[in-house]
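Encoded as structure tokens, the structure appears first; notes follow it.
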Amino acid sequence: MSRYALARILLFIPTLWGLLTLVFFLNRAMPGDPVEIMLGENAAPARRTEMRHALGLDRPLAVQYGYYLAGLATGRLGRSLRTGRPVSAELAGAFPRTLDLGCCAMLLACLIAVPLGTAAARRPGGGWDATARLFSSAGFSLPSFFLGPLLILAFAVRYPWLPVSGADEPGSIVLPTLALGLPLAALLVRIVRTSAGEETHREYVRAALARGLREETAFRRHALRNALLPVVTVAGLQFGAVLTGAIITEKIFRWPGLGTLVLTAITGRDYPVVQGAVLLFAATVLTVNLGTDLLYARIDPRVRHA
């Protein structure tokens, strides 16, 4: 297990470095001048030159890249071109909100998918199976950027039960959680149903039934663990999609998270904030994927032995 974990960890570093390098150069390839955005189109040329020199934007790209890597090595992410605050402070204020939203959406998806998917798998063709199929089809048809406005119209405009925006009022996380979690739950329901249905007919389950175990007990003790293996994998991979999907959802609900910060930084060509946010996104997603791989290897020893 230790060799398997070490191999996965060693892949973490070059992947993160590659993403950071790509974002660094793509940022500077985008049209628009951050100095012009900050000072306005009517600023004097001397003032623009002074500001560009103060921000280090007049240096060659290779030099800027070297300074960026040196700052990362010492734990410095730079300062925001827009606010002048340290990038670490900007991220520290926004990331917990996004992480709360992502975790709530993932928890909601699992709480819906696992019971509904297993109930559908154990009684194929029955009422729960039809419900699971309907829910899955509806969830795939309603992505979060479309579901969000529908939820606002239903539960904040037509029936003003929940806050429509912000994060200060009680219950303000409910609507963005539903917008992110329901499409993910639709995906997981289908996976749980398929996986649990296959495991129910395995020989080891039939052997357990032959030994006198009740069907429910045999399923819970033997089949459910193996049935959840694909769910663990997909849920881990989809967590990154939840975080990146939160960018649009946060914009819809004006949720003060990392997605809102990134969109503002991209609009203002705030390179250090964009780079820091991508670093945080990438590190979070890679860490979750690493944890998923290790958990999968823990559940199924065949993975690490292979």
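Within each chain, counting starts at residue 1; across the structure tokens, chains are named A, B, ... in the order shown, with ligands numbered 1 upward in that order.
Residues surrounding Leu153 (chain A) within 12 Å are Phe146, Leu147, Gly148, Arg158, Tyr159, Pro160, Trp161, Leu162, Pro163, Val164, Leu175 and Phe253 of chain A [only C-alpha atoms; sequence separation below 5 positions excluded].
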All helix (DSSP H, G or I) residues (DSSP, backbone) inside region 22-271 of chain A, as number ranges by chain: A: 22-29, 34-39, 45-55, 61-73, 87-122, 127-141, 144-158, 174-200, 203-210, 215-227, 229-253, 258-267, 271
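Distance annotation: of A:Pro272, A:Pro170, A:Gly291, A:Gly84, the residue with the minimal separation from Gln64 (chain A) is A:Pro272; atom set is only C-alpha atoms.
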Shell of 12 Å around region 107-114 of chain A, only C-alpha atoms, local chain residues under 4 positions omitted, as a ChimeraX atom specification: /A:100-103,118-121,128,131-133,135-136,139,174-196,224-225,227-228,230-232,234-236,238-239,242
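Residue neighbourhood of region 276-280 of chain A, excluding near-sequence residues (fewer than 6 positions): Leu16, Leu19, Leu20, Val23, Leu77, Gly78, Val87, Ser88, Leu91, Phe95, Leu258, Gly259, Leu261 and Val262 of chain A, at 9 Å, using only C-alpha atoms.
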How about saving the chosen residues, N, CA and C atoms kept, as an mmCIF file, in the first residue's frame?
data_model
loop_
_atom_site.group_PDB
_atom_site.id
_atom_site.type_symbol
_atom_site.label_atom_id
_atom_site.label_comp_id
_atom_site.auth_asym_id
_atom_site.auth_seq_id
_atom_site.Cartn_x
_atom_site.Cartn_y
_atom_site.Cartn_z
ATOM 1 N N LEU A 16 0.540 19.235 -11.092
ATOM 2 C CA LEU A 16 0.257 20.572 -10.586
ATOM 3 C C LEU A 16 1.136 21.611 -11.262
ATOM 4 N N LEU A 19 -0.128 22.348 -14.815
ATOM 5 C CA LEU A 19 -1.321 23.190 -14.822
ATOM 6 C C LEU A 19 -0.971 24.648 -14.546
ATOM 7 N N LEU A 20 -0.083 24.866 -13.582
ATOM 8 C CA LEU A 20 0.312 26.236 -13.244
ATOM 9 C C LEU A 20 1.022 26.906 -14.406
ATOM 10 N N VAL A 23 -1.585 27.818 -17.146
ATOM 11 C CA VAL A 23 -2.413 28.965 -16.771
ATOM 12 C C VAL A 23 -1.602 30.252 -16.808
ATOM 13 N N LEU A 77 2.233 34.227 -3.138
ATOM 14 C CA LEU A 77 1.419 34.188 -4.349
ATOM 15 C C LEU A 77 1.293 35.547 -5.012
ATOM 16 N N GLY A 78 1.953 36.564 -4.447
ATOM 17 C CA GLY A 78 1.872 37.902 -5.017
ATOM 18 C C GLY A 78 0.717 38.699 -4.444
ATOM 19 N N VAL A 87 -2.668 37.873 -2.430
ATOM 20 C CA VAL A 87 -3.541 36.891 -3.066
ATOM 21 C C VAL A 87 -3.987 35.838 -2.054
ATOM 22 N N SER A 88 -3.099 35.473 -1.145
ATOM 23 C CA SER A 88 -3.463 34.479 -0.136
ATOM 24 C C SER A 88 -4.634 34.953 0.720
ATOM 25 N N LEU A 91 -7.845 34.639 -1.394
ATOM 26 C CA LEU A 91 -8.292 33.247 -1.501
ATOM 27 C C LEU A 91 -8.837 32.732 -0.177
ATOM 28 N N PHE A 95 -12.376 30.909 -0.563
ATOM 29 C CA PHE A 95 -12.361 29.457 -0.765
ATOM 30 C C PHE A 95 -13.231 28.694 0.232
ATOM 31 N N LEU A 258 -15.070 31.329 -4.335
ATOM 32 C CA LEU A 258 -13.905 31.401 -5.212
ATOM 33 C C LEU A 258 -14.316 31.612 -6.663
ATOM 34 N N GLY A 259 -15.453 31.063 -7.070
ATOM 35 C CA GLY A 259 -15.914 31.258 -8.435
ATOM 36 C C GLY A 259 -16.171 32.720 -8.748
ATOM 37 N N LEU A 261 -14.845 35.252 -7.223
ATOM 38 C CA LEU A 261 -13.539 35.909 -7.211
ATOM 39 C C LEU A 261 -12.798 35.693 -8.531
ATOM 40 N N VAL A 262 -12.863 34.478 -9.066
ATOM 41 C CA VAL A 262 -12.170 34.171 -10.324
ATOM 42 C C VAL A 262 -12.775 34.957 -11.478
#
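You can rank A:Ile9, A:Ala241, A:Ala54, A:Ile252 by their closest distance to Pro149 (chain A) using only C-alpha atoms, and at the top of that list sits A:Ile252.
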Residue nearest Ile13 (chain A) among A:Leu290, A:Ala210, A:Leu142, A:Leu295 (counting only C-alpha atoms): A:Leu290
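Taking CA of Gly166 (chain A) as the reference point, CA of Pro256 (chain A) is found at 6.7 Å.
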